[in-house]
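Just model.cif here, mmCIF, C-alpha atoms (C1' of nucleotides):
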data_protein
loop_
_atom_site.group_PDB
_atom_site.id
_atom_site.type_symbol
_atom_site.label_atom_id
_atom_site.label_comp_id
_atom_site.auth_asym_id
_atom_site.auth_seq_id
_atom_site.Cartn_x
_atom_site.Cartn_y
_atom_site.Cartn_z
ATOM 1 C CA MET Z 986 101.873 84.908 74.350
ATOM 2 C CA LYS Z 987 104.746 83.027 75.879
ATOM 3 C CA ILE Z 988 107.370 85.447 74.595
ATOM 4 C CA THR Z 989 105.383 88.532 75.548
ATOM 5 C CA LEU Z 990 104.902 87.174 79.023
ATOM 6 C CA THR Z 991 108.499 86.069 79.514
ATOM 7 C CA VAL Z 992 109.828 89.425 78.345
ATOM 8 C CA SER Z 993 107.360 91.387 80.455
ATOM 9 C CA ARG Z 994 108.237 89.355 83.511
ATOM 10 C CA ALA Z 995 111.927 89.833 82.840
ATOM 11 C CA LEU Z 996 111.391 93.591 82.758
ATOM 12 C CA ALA Z 997 109.121 93.590 85.790
ATOM 13 C CA ASP Z 998 111.977 94.288 88.161
ATOM 14 C CA GLY Z 999 113.768 97.562 88.757
ATOM 15 C CA ASN Z 1000 117.218 96.067 88.970
ATOM 16 C CA ARG Z 1001 116.797 94.200 85.709
ATOM 17 C CA ILE Z 1002 115.548 97.340 83.986
ATOM 18 C CA ARG Z 1003 118.609 99.173 85.268
ATOM 19 C CA ALA Z 1004 120.840 96.445 83.864
ATOM 20 C CA VAL Z 1005 119.146 96.614 80.476
ATOM 21 C CA ALA Z 1006 119.345 100.393 80.457
ATOM 22 C CA ALA Z 1007 123.056 100.180 81.217
ATOM 23 C CA LEU Z 1008 123.509 97.828 78.289
ATOM 24 C CA MET Z 1009 121.693 100.256 76.044
ATOM 25 C CA ARG Z 1010 124.517 102.710 76.646
ATOM 26 C CA HIS Z 1011 127.493 100.384 76.809
ATOM 27 C CA ASP Z 1012 128.067 97.603 74.355
ATOM 28 C CA GLU Z 1013 129.227 95.049 76.855
ATOM 29 C CA LEU Z 1014 129.308 94.788 80.599
ATOM 30 C CA CYS Z 1015 130.889 92.213 82.821
ATOM 31 C CA VAL Z 1016 128.891 90.647 85.669
ATOM 32 C CA CYS Z 1017 131.144 92.291 88.214
ATOM 33 C CA GLN Z 1018 130.461 95.686 86.647
ATOM 34 C CA VAL Z 1019 126.717 95.206 86.805
ATOM 35 C CA THR Z 1020 127.139 93.952 90.352
ATOM 36 C CA GLU Z 1021 128.960 97.138 91.283
ATOM 37 C CA LEU Z 1022 126.274 99.250 89.649
ATOM 38 C CA LEU Z 1023 123.342 97.546 91.328
ATOM 39 C CA GLY Z 1024 124.978 97.017 94.698
ATOM 40 C CA LEU Z 1025 123.658 93.479 95.066
ATOM 41 C CA ALA Z 1026 125.306 90.156 95.781
ATOM 42 C CA THR Z 1027 127.049 88.637 92.791
ATOM 43 C CA ALA Z 1028 124.792 85.606 92.901
ATOM 44 C CA THR Z 1029 121.724 87.807 92.767
ATOM 45 C CA VAL Z 1030 123.012 89.717 89.771
ATOM 46 C CA SER Z 1031 123.920 86.485 88.039
ATOM 47 C CA ARG Z 1032 120.370 85.280 88.438
ATOM 48 C CA HIS Z 1033 118.937 88.553 87.179
ATOM 49 C CA MET Z 1034 121.120 88.337 84.100
ATOM 50 C CA SER Z 1035 120.094 84.765 83.401
ATOM 51 C CA ILE Z 1036 116.448 85.805 83.605
ATOM 52 C CA LEU Z 1037 117.155 88.501 81.021
ATOM 53 C CA ARG Z 1038 118.982 85.982 78.873
ATOM 54 C CA ASP Z 1039 116.180 83.431 79.094
ATOM 55 C CA ALA Z 1040 113.855 86.162 77.857
ATOM 56 C CA GLN Z 1041 116.221 86.732 74.931
ATOM 57 C CA LEU Z 1042 116.817 90.303 75.961
ATOM 58 C CA VAL Z 1043 120.563 89.875 76.393
ATOM 59 C CA GLN Z 1044 123.283 87.548 75.213
ATOM 60 C CA SER Z 1045 126.357 86.435 77.090
ATOM 61 C CA ARG Z 1046 129.902 85.721 76.042
ATOM 62 C CA LYS Z 1047 132.476 84.014 78.146
ATOM 63 C CA LYS Z 1048 136.020 85.313 78.054
ATOM 64 C CA GLY Z 1049 138.242 83.476 80.469
ATOM 65 C CA ARG Z 1050 136.762 83.767 83.919
ATOM 66 C CA TRP Z 1051 134.676 86.747 82.994
ATOM 67 C CA VAL Z 1052 131.237 86.709 81.448
ATOM 68 C CA TYR Z 1053 130.201 89.681 79.364
ATOM 69 C CA TYR Z 1054 126.616 90.561 78.643
ATOM 70 C CA ARG Z 1055 125.267 92.629 75.787
ATOM 71 C CA LEU Z 1056 121.840 93.388 74.406
ATOM 72 C CA SER Z 1057 120.487 90.636 72.232
ATOM 73 C CA SER Z 1058 121.194 91.234 68.564
ATOM 74 C CA ASP Z 1059 117.613 90.374 67.670
ATOM 75 C CA LEU Z 1060 116.004 92.600 70.246
ATOM 76 C CA PRO Z 1061 112.852 93.865 68.505
ATOM 77 C CA ASP Z 1062 113.145 97.472 67.377
ATOM 78 C CA SER Z 1063 109.736 98.275 68.774
ATOM 79 C CA LEU Z 1064 110.736 97.011 72.192
ATOM 80 C CA SER Z 1065 114.014 98.868 72.358
ATOM 81 C CA ALA Z 1066 112.218 101.956 71.070
ATOM 82 C CA TRP Z 1067 109.691 101.725 73.877
ATOM 83 C CA LEU Z 1068 112.402 101.150 76.456
ATOM 84 C CA GLY Z 1069 114.347 104.119 75.169
ATOM 85 C CA GLU Z 1070 111.288 106.365 75.266
ATOM 86 C CA SER Z 1071 109.911 105.283 78.585
ATOM 87 C CA LEU Z 1072 113.266 105.380 80.322
ATOM 88 C CA ALA Z 1073 114.233 108.777 78.916
ATOM 89 C CA GLY Z 1074 114.716 111.289 81.683
ATOM 90 C CA SER Z 1075 114.456 108.779 84.468
ATOM 91 C CA PRO Z 1076 116.444 110.013 87.461
ATOM 92 C CA GLU Z 1077 117.515 106.509 88.488
ATOM 93 C CA ILE Z 1078 118.821 105.691 85.036
ATOM 94 C CA GLU Z 1079 120.447 109.087 84.834
ATOM 95 C CA ALA Z 1080 122.258 108.460 88.104
ATOM 96 C CA ASP Z 1081 123.318 105.037 86.897
ATOM 97 C CA ARG Z 1082 124.829 106.603 83.852
ATOM 98 C CA SER Z 1083 127.417 108.592 85.766
ATOM 99 C CA ALA Z 1084 127.939 105.756 88.219
ATOM 100 C CA LEU Z 1085 128.732 103.522 85.280
ATOM 101 C CA ASP Z 1086 131.270 105.983 83.943
ATOM 102 C CA ASP Z 1087 133.114 105.709 87.238
ATOM 103 C CA ILE Z 1088 132.848 101.943 87.217
ATOM 104 C CA LEU Z 1089 134.143 101.658 83.671
ATOM 105 C CA ALA Z 1090 137.072 103.872 84.572
ATOM 106 C CA CYS Z 1091 138.235 101.142 86.940
ATOM 107 C CA ASP Z 1092 140.060 98.059 85.889
ATOM 108 C CA PRO Z 1093 137.651 95.091 86.087
ATOM 109 C CA GLU Z 1094 140.201 93.134 88.109
ATOM 110 C CA GLU Z 1095 140.404 95.950 90.600
ATOM 111 C CA LEU Z 1096 136.626 95.982 90.756
ATOM 112 C CA CYS Z 1097 136.308 92.299 91.502
ATOM 113 C CA ARG Z 1098 139.028 92.505 94.093
ATOM 114 C CA SER Z 1099 137.326 95.355 95.930
ATOM 115 C CA GLN Z 1100 134.060 93.423 95.828
ATOM 116 C CA ARG Z 1101 135.733 90.487 97.530
ATOM 117 C CA ILE Z 1102 137.105 92.767 100.200
ATOM 118 C CA THR Z 1103 134.012 94.806 100.945
ATOM 119 C CA ARG Z 1104 131.816 91.710 100.933
ATOM 120 C CA PRO Z 1105 134.167 89.266 102.589
ATOM 121 C CA ASN Z 1106 133.123 85.737 101.786
ATOM 122 C CA GLU Z 1107 136.464 84.870 103.200
ATOM 123 C CA GLN Z 1108 135.730 82.055 105.565
ATOM 124 C CA PRO Z 1109 138.549 79.558 106.106
ATOM 125 C CA LYS Z 1110 136.504 77.083 104.061
ATOM 126 C CA VAL Z 1111 137.638 73.961 105.774
ATOM 127 C CA LYS Z 1112 137.051 71.012 103.518
ATOM 128 C CA ASP Z 1113 135.473 68.425 105.833
ATOM 129 C CA MET E 1365 112.023 104.107 85.408
ATOM 130 C CA LYS E 1366 108.789 104.198 87.302
ATOM 131 C CA ILE E 1367 106.621 104.055 84.199
ATOM 132 C CA THR E 1368 108.662 101.332 82.538
ATOM 133 C CA LEU E 1369 108.449 99.262 85.680
ATOM 134 C CA THR E 1370 104.759 99.810 86.262
ATOM 135 C CA VAL E 1371 103.913 98.926 82.679
ATOM 136 C CA SER E 1372 106.151 95.858 82.673
ATOM 137 C CA ARG E 1373 104.609 94.657 85.910
ATOM 138 C CA ALA E 1374 101.144 95.206 84.545
ATOM 139 C CA LEU E 1375 102.005 93.059 81.536
ATOM 140 C CA ALA E 1376 103.767 90.417 83.612
ATOM 141 C CA ASP E 1377 100.633 88.301 83.900
ATOM 142 C CA GLY E 1378 99.089 86.086 81.286
ATOM 143 C CA ASN E 1379 95.529 87.046 82.056
ATOM 144 C CA ARG E 1380 96.283 90.738 81.806
ATOM 145 C CA ILE E 1381 98.076 90.228 78.511
ATOM 146 C CA ARG E 1382 95.037 88.382 77.219
ATOM 147 C CA ALA E 1383 92.823 91.255 78.290
ATOM 148 C CA VAL E 1384 95.027 93.785 76.530
ATOM 149 C CA ALA E 1385 95.173 91.625 73.411
ATOM 150 C CA ALA E 1386 91.392 91.421 73.409
ATOM 151 C CA LEU E 1387 91.199 95.207 73.606
ATOM 152 C CA MET E 1388 93.564 95.494 70.663
ATOM 153 C CA ARG E 1389 90.912 93.799 68.539
ATOM 154 C CA HIS E 1390 87.753 95.228 70.041
ATOM 155 C CA ASP E 1391 87.329 98.866 70.843
ATOM 156 C CA GLU E 1392 85.547 98.390 74.103
ATOM 157 C CA LEU E 1393 84.842 95.487 76.392
ATOM 158 C CA CYS E 1394 82.702 95.270 79.481
ATOM 159 C CA VAL E 1395 84.072 93.699 82.656
ATOM 160 C CA CYS E 1396 81.616 90.846 82.361
ATOM 161 C CA GLN E 1397 82.855 90.119 78.842
ATOM 162 C CA VAL E 1398 86.465 89.981 79.952
ATOM 163 C CA THR E 1399 85.390 87.842 82.887
ATOM 164 C CA GLU E 1400 83.757 85.382 80.528
ATOM 165 C CA LEU E 1401 86.845 85.311 78.334
ATOM 166 C CA LEU E 1402 89.313 84.701 81.142
ATOM 167 C CA GLY E 1403 87.128 82.378 83.178
ATOM 168 C CA LEU E 1404 88.046 84.002 86.494
ATOM 169 C CA ALA E 1405 86.032 85.434 89.328
ATOM 170 C CA THR E 1406 84.598 88.864 88.603
ATOM 171 C CA ALA E 1407 86.516 90.351 91.504
ATOM 172 C CA THR E 1408 89.773 89.017 90.121
ATOM 173 C CA VAL E 1409 89.136 90.476 86.686
ATOM 174 C CA SER E 1410 88.189 93.802 88.188
ATOM 175 C CA ARG E 1411 91.478 93.841 90.026
ATOM 176 C CA HIS E 1412 93.432 92.939 86.880
ATOM 177 C CA MET E 1413 91.762 95.725 84.947
ATOM 178 C CA SER E 1414 92.538 98.280 87.629
ATOM 179 C CA ILE E 1415 96.191 97.253 87.511
ATOM 180 C CA LEU E 1416 96.165 97.841 83.755
ATOM 181 C CA ARG E 1417 94.462 101.188 84.296
ATOM 182 C CA ASP E 1418 96.968 102.266 86.950
ATOM 183 C CA ALA E 1419 99.699 101.518 84.415
ATOM 184 C CA GLN E 1420 97.876 103.756 81.923
ATOM 185 C CA LEU E 1421 97.457 100.897 79.497
ATOM 186 C CA VAL E 1422 93.669 101.073 79.486
ATOM 187 C CA GLN E 1423 90.960 103.581 80.263
ATOM 188 C CA SER E 1424 87.562 102.932 81.720
ATOM 189 C CA ARG E 1425 84.181 104.441 81.140
ATOM 190 C CA LYS E 1426 81.161 103.907 83.286
ATOM 191 C CA LYS E 1427 77.824 103.522 81.566
ATOM 192 C CA GLY E 1428 75.063 102.811 84.003
ATOM 193 C CA ARG E 1429 75.930 99.702 85.948
ATOM 194 C CA TRP E 1430 78.444 98.542 83.388
ATOM 195 C CA VAL E 1431 82.076 99.568 83.131
ATOM 196 C CA TYR E 1432 83.704 99.503 79.724
ATOM 197 C CA TYR E 1433 87.426 99.307 79.181
ATOM 198 C CA ARG E 1434 89.412 100.344 76.126
ATOM 199 C CA LEU E 1435 93.057 100.783 75.297
ATOM 200 C CA SER E 1436 94.481 104.027 76.543
ATOM 201 C CA SER E 1437 94.428 106.724 73.890
ATOM 202 C CA ASP E 1438 98.016 107.668 74.683
ATOM 203 C CA LEU E 1439 99.397 104.175 74.578
ATOM 204 C CA PRO E 1440 102.889 104.611 73.089
ATOM 205 C CA ASP E 1441 103.099 103.476 69.468
ATOM 206 C CA SER E 1442 106.292 101.596 70.148
ATOM 207 C CA LEU E 1443 104.655 99.630 72.936
ATOM 208 C CA SER E 1444 101.563 98.692 70.991
ATOM 209 C CA ALA E 1445 103.800 97.803 68.043
ATOM 210 C CA TRP E 1446 105.816 95.445 70.205
ATOM 211 C CA LEU E 1447 102.695 93.916 71.684
ATOM 212 C CA GLY E 1448 101.247 93.398 68.239
ATOM 213 C CA GLU E 1449 104.415 91.773 66.957
ATOM 214 C CA SER E 1450 105.169 89.595 69.925
ATOM 215 C CA LEU E 1451 101.591 88.396 70.266
ATOM 216 C CA ALA E 1452 101.170 87.659 66.573
ATOM 217 C CA GLY E 1453 100.500 83.996 65.989
ATOM 218 C CA SER E 1454 100.102 83.154 69.638
ATOM 219 C CA PRO E 1455 97.786 80.151 69.979
ATOM 220 C CA GLU E 1456 96.245 81.415 73.220
ATOM 221 C CA ILE E 1457 95.444 84.798 71.738
ATOM 222 C CA GLU E 1458 94.192 83.137 68.606
ATOM 223 C CA ALA E 1459 91.859 80.974 70.643
ATOM 224 C CA ASP E 1460 90.693 84.003 72.583
ATOM 225 C CA ARG E 1461 89.822 85.700 69.347
ATOM 226 C CA SER E 1462 87.178 83.197 68.382
ATOM 227 C CA ALA E 1463 86.013 82.860 71.965
ATOM 228 C CA LEU E 1464 85.492 86.611 72.009
ATOM 229 C CA ASP E 1465 83.442 86.457 68.853
ATOM 230 C CA ASP E 1466 81.078 84.074 70.601
ATOM 231 C CA ILE E 1467 80.993 86.227 73.694
ATOM 232 C CA LEU E 1468 80.250 89.374 71.739
ATOM 233 C CA ALA E 1469 77.439 87.581 69.942
ATOM 234 C CA CYS E 1470 75.670 87.309 73.294
ATOM 235 C CA ASP E 1471 73.750 90.061 74.904
ATOM 236 C CA PRO E 1472 75.804 91.432 77.827
ATOM 237 C CA GLU E 1473 72.788 91.093 80.111
ATOM 238 C CA GLU E 1474 72.483 87.461 79.179
ATOM 239 C CA LEU E 1475 76.178 87.035 79.894
ATOM 240 C CA CYS E 1476 76.005 88.553 83.353
ATOM 241 C CA ARG E 1477 72.920 86.518 84.165
ATOM 242 C CA SER E 1478 74.614 83.262 83.233
ATOM 243 C CA GLN E 1479 77.619 84.250 85.311
ATOM 244 C CA ARG E 1480 75.384 84.720 88.322
ATOM 245 C CA ILE E 1481 73.825 81.331 87.766
ATOM 246 C CA THR E 1482 76.948 79.283 87.086
ATOM 247 C CA ARG E 1483 78.791 80.893 89.969
ATOM 248 C CA PRO E 1484 75.996 81.159 92.483
ATOM 249 C CA ASN E 1485 76.797 83.806 95.047
ATOM 250 C CA GLU E 1486 73.213 83.326 96.046
ATOM 251 C CA GLN E 1487 73.338 82.875 99.783
ATOM 252 C CA PRO E 1488 70.304 84.064 101.748
ATOM 253 C CA LYS E 1489 72.413 87.004 102.971
ATOM 254 C CA VAL E 1490 70.780 87.484 106.314
ATOM 255 C CA LYS E 1491 71.357 90.994 107.557
ATOM 256 C CA ASP E 1492 72.461 90.493 111.200
ATOM 257 C "C1'" DT K 1186 148.845 69.827 90.197
ATOM 258 C "C1'" DA K 1187 147.077 72.906 93.622
ATOM 259 C "C1'" DG K 1188 145.285 77.271 94.672
ATOM 260 C "C1'" DA K 1189 142.902 81.348 93.393
ATOM 261 C "C1'" DT K 1190 139.099 83.514 91.203
ATOM 262 C "C1'" DA K 1191 134.670 84.971 88.439
ATOM 263 C "C1'" DA K 1192 130.410 83.247 87.805
ATOM 264 C "C1'" DT K 1193 126.615 80.027 88.446
ATOM 265 C "C1'" DT K 1194 123.630 77.046 91.037
ATOM 266 C "C1'" DA K 1195 121.301 75.405 95.325
ATOM 267 C "C1'" DG K 1196 118.937 76.119 99.550
ATOM 268 C "C1'" DC K 1197 116.487 78.949 102.501
ATOM 269 C "C1'" DA K 1198 113.921 83.116 104.531
ATOM 270 C "C1'" DT K 1199 111.123 86.980 103.464
ATOM 271 C "C1'" DA K 1200 108.282 89.948 100.537
ATOM 272 C "C1'" DA K 1201 105.157 90.542 96.793
ATOM 273 C "C1'" DT K 1202 101.291 88.925 93.921
ATOM 274 C "C1'" DA K 1203 97.172 86.187 92.405
ATOM 275 C "C1'" DT K 1204 93.058 84.393 93.504
ATOM 276 C "C1'" DC K 1205 88.826 83.622 95.755
ATOM 277 C "C1'" DG K 1206 84.458 84.455 98.541
ATOM 278 C "C1'" DA K 1207 82.130 87.900 101.137
ATOM 279 C "C1'" DA K 1208 80.813 92.435 101.932
ATOM 280 C "C1'" DA K 1209 80.424 97.195 100.272
ATOM 281 C "C1'" DT K 1210 79.452 100.562 96.601
ATOM 282 C "C1'" DG K 1211 77.008 102.938 93.086
ATOM 283 C "C1'" DA K 1212 73.284 102.825 89.744
ATOM 284 C "C1'" DC K 1213 69.043 101.360 87.632
ATOM 285 C "C1'" DT K 1214 63.965 99.763 88.349
ATOM 286 C "C1'" DT K 1215 59.857 99.088 90.439
ATOM 287 C "C1'" DA A 594 62.253 103.739 99.339
ATOM 288 C "C1'" DA A 595 63.486 99.127 98.689
ATOM 289 C "C1'" DG A 596 65.222 95.725 95.746
ATOM 290 C "C1'" DT A 597 68.258 94.200 92.075
ATOM 291 C "C1'" DC A 598 72.386 94.109 89.740
ATOM 292 C "C1'" DA A 599 77.401 95.047 87.883
ATOM 293 C "C1'" DT A 600 81.404 96.253 89.789
ATOM 294 C "C1'" DT A 601 84.764 97.220 93.383
ATOM 295 C "C1'" DT A 602 86.933 96.620 97.855
ATOM 296 C "C1'" DC A 603 88.309 93.702 101.748
ATOM 297 C "C1'" DG A 604 90.347 89.775 104.133
ATOM 298 C "C1'" DA A 605 92.488 85.400 103.864
ATOM 299 C "C1'" DT A 606 95.323 81.942 101.654
ATOM 300 C "C1'" DA A 607 98.482 80.000 98.231
ATOM 301 C "C1'" DT A 608 101.865 80.719 94.915
ATOM 302 C "C1'" DT A 609 105.814 83.172 93.075
ATOM 303 C "C1'" DA A 610 109.803 86.309 93.211
ATOM 304 C "C1'" DT A 611 113.833 88.358 95.398
ATOM 305 C "C1'" DG A 612 117.664 88.478 98.218
ATOM 306 C "C1'" DC A 613 121.148 86.343 100.939
ATOM 307 C "C1'" DT A 614 124.912 82.732 102.085
ATOM 308 C "C1'" DA A 615 127.101 78.513 100.923
ATOM 309 C "C1'" DA A 616 128.510 75.212 97.635
ATOM 310 C "C1'" DT A 617 129.828 74.145 92.837
ATOM 311 C "C1'" DT A 618 131.768 74.934 88.279
ATOM 312 C "C1'" DA A 619 135.014 76.635 85.015
ATOM 313 C "C1'" DT A 620 139.163 78.990 84.140
ATOM 314 C "C1'" DC A 621 143.501 80.959 84.960
ATOM 315 C "C1'" DT A 622 148.152 80.864 87.168
ATOM 316 C "C1'" DA A 623 152.003 79.721 90.210
#
What's the structure tokens form of this structure?
Amino acid sequence: MKITLTVSRALADGNRIRAVAALMRHDELCVCQVTELLGLATATVSRHMSILRDAQLVQSRKKGRWVYYRLSSDLPDSLSAWLGESLAGSPEIEADRSALDDILACDPEELCRSQRITRPNEQPKVKD
Amino acid sequence: MKITLTVSRALADGNRIRAVAALMRHDELCVCQVTELLGLATATVSRHMSILRDAQLVQSRKKGRWVYYRLSSDLPDSLSAWLGESLAGSPEIEADRSALDDILACDPEELCRSQRITRPNEQPKVKD
DNA sequence: TAGATAATTAGCATAATATCGAAATGACTT
DNA sequence: AAGTCATTTCGATATTATGCTAATTATCTA
């Protein structure tokens, strides 16, 4: 029951479902791209993704400073079938689809930079 | 996304998963039988079952004073396939299976009576 | 080596959920 | 009609989840 419960809990959040749905369309997405899609703080998205990873729904790959997520290779067919069926025609997911096209058209570096600017964490950061 | 989310939330609880698993083996179960299986207060079980019903995972049928639950007739095949696979071999569900056999061997009336006795709600209940 | 940068982790406030006992509801039985 | 009984609803409390900012980690680059 542990797996069933962990997976169900992982999917029991709208933002995480949106992230999974995005990964069903696009092989790989960077954290900053998911962040842009969901409009949340980077830290929040990072935690959502780690919840999905703990549930074995997604895998991550580190490339330099970026971390890319993709659907888990051993995602059960039945589960992805259900997700595909139940999400079909959803207006939120539909909207995300075109939003993602715009996001993917941008350079990831550009994306991260604009995220830093619009959400300025830029305190002087005095060290002691 | 609404359906996906509602269903995932409904399954994001161990007790509700156990109830669904029980209904995958037995056509119909009365609230008092599920209560006995889960070892919770009747009110709590009633609430769990209504959450499952709101998510369209189960249906209910009222017969006299008893309410019987069964899996929804239009439960997606993909979903029940995933549940079947991911729950297969689970020790908790396995244990529930034999517990249910014992429970079903009892007369429902007997069951309800013993629940009243072991959890005595029996205050004098003075009216004003 | 020092600074910049993408992501993660930690700490905290708020919102949602689970659970219970008590009271209310609807249905049978005298 | 009144009582009994299975279930549901209500109100309160405790736990869990989500979101933020700040701090930390890991990696690149000047």
Could you please determine the separation between atom CA of E:Tyr1433 and atom CA of E:Leu1393 in Å, to one decimal place?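 Rounded to one decimal, the two atoms are 5.4 Å apart.
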Please evaluate the PyMOL selection byres ((chain Z) within 12 of (chain K)) against the displayed coordinates and give the resulting residues as a ChimeraX atom specification. /Z:998,1015-1018,1020,1026-1035,1045,1047-1053,1093-1094,1096-1098,1100-1101
Between Z:Val1005, Z:Leu1037, Z:Cys1091, Z:Ile1078, which has the minimum distance to chain E (counting all atoms listed in the file)? Z:Ile1078
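Near chain E, counting all atoms listed in the file at 8 Å, the chain A residues are DC598, DA599, DT600 and DT601 of chain A.
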Name the residues that the PyMOL selection byres ((chain Z) within 10 of (chain E)) pulls out of this structure, and write them as a ChimeraX atom specification. /Z:986-1003,1006,1061-1079
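The two atoms in question, atom C1' of A:DA610 and atom CA of Z:Arg1038, are spaced 17.0 Å apart.
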Which value, in Å to one decimal, gives the distance between atom CA of E:Ile1467 and atom CA of E:His1390?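 Atom CA of E:Ile1467 sits 11.8 Å away from atom CA of E:His1390.
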Once the PyMOL selection byres ((chain E and resi 1423) around 8) is applied to the coordinates I shared, what remains selected? I want it as a ChimeraX atom specification. /E:1417,1420-1422,1424-1425,1433-1437
Repair of stretch 1428-1442 of chain E at the level of N, CA, C and O atoms, as a tab-separated table (two decimals), keeping the file's coordinate frame:
chain	number	residue	atom	x	y	z
E	1428	GLY	N	76.05	103.48	83.15
E	1428	GLY	CA	75.06	102.81	84.00
E	1428	GLY	C	75.75	101.88	84.98
E	1428	GLY	O	76.72	102.27	85.64
E	1429	ARG	N	75.30	100.64	85.03
E	1429	ARG	CA	75.93	99.70	85.95
E	1429	ARG	C	77.15	99.04	85.34
E	1429	ARG	O	77.92	98.41	86.03
E	1430	TRP	N	77.31	99.21	84.05
E	1430	TRP	CA	78.44	98.54	83.39
E	1430	TRP	C	79.66	99.45	83.31
E	1430	TRP	O	79.54	100.67	83.24
E	1431	VAL	N	80.82	98.83	83.33
E	1431	VAL	CA	82.08	99.57	83.13
E	1431	VAL	C	82.76	99.01	81.89
E	1431	VAL	O	82.96	97.81	81.78
E	1432	TYR	N	83.06	99.90	80.97
E	1432	TYR	CA	83.70	99.50	79.72
E	1432	TYR	C	85.17	99.92	79.74
E	1432	TYR	O	85.50	101.03	80.16
E	1433	TYR	N	85.99	99.01	79.28
E	1433	TYR	CA	87.43	99.31	79.18
E	1433	TYR	C	87.83	99.38	77.72
E	1433	TYR	O	87.28	98.68	76.87
E	1434	ARG	N	88.82	100.24	77.45
E	1434	ARG	CA	89.41	100.34	76.13
E	1434	ARG	C	90.88	100.65	76.28
E	1434	ARG	O	91.33	101.07	77.36
E	1435	LEU	N	91.64	100.44	75.22
E	1435	LEU	CA	93.06	100.78	75.30
E	1435	LEU	C	93.21	102.28	75.54
E	1435	LEU	O	92.41	103.07	75.06
E	1436	SER	N	94.22	102.62	76.28
E	1436	SER	CA	94.48	104.03	76.54
E	1436	SER	C	94.78	104.76	75.24
E	1436	SER	O	95.46	104.25	74.36
E	1437	SER	N	94.24	105.97	75.13
E	1437	SER	CA	94.43	106.72	73.89
E	1437	SER	C	95.89	107.14	73.72
E	1437	SER	O	96.36	107.33	72.61
E	1438	ASP	N	96.62	107.28	74.82
E	1438	ASP	CA	98.02	107.67	74.68
E	1438	ASP	C	98.97	106.50	74.94
E	1438	ASP	O	100.04	106.67	75.50
E	1439	LEU	N	98.51	105.34	74.53
E	1439	LEU	CA	99.40	104.18	74.58
E	1439	LEU	C	100.53	104.41	73.57
E	1439	LEU	O	100.26	104.67	72.40
E	1440	PRO	N	101.78	104.33	74.01
E	1440	PRO	CA	102.89	104.61	73.09
E	1440	PRO	C	102.84	103.69	71.87
E	1440	PRO	O	102.59	102.49	72.00
E	1441	ASP	N	103.10	104.27	70.70
E	1441	ASP	CA	103.10	103.48	69.47
E	1441	ASP	C	104.09	102.33	69.54
E	1441	ASP	O	103.80	101.22	69.10
E	1442	SER	N	105.26	102.62	70.09
E	1442	SER	CA	106.29	101.60	70.15
E	1442	SER	C	105.81	100.41	70.98
E	1442	SER	O	106.04	99.26	70.62
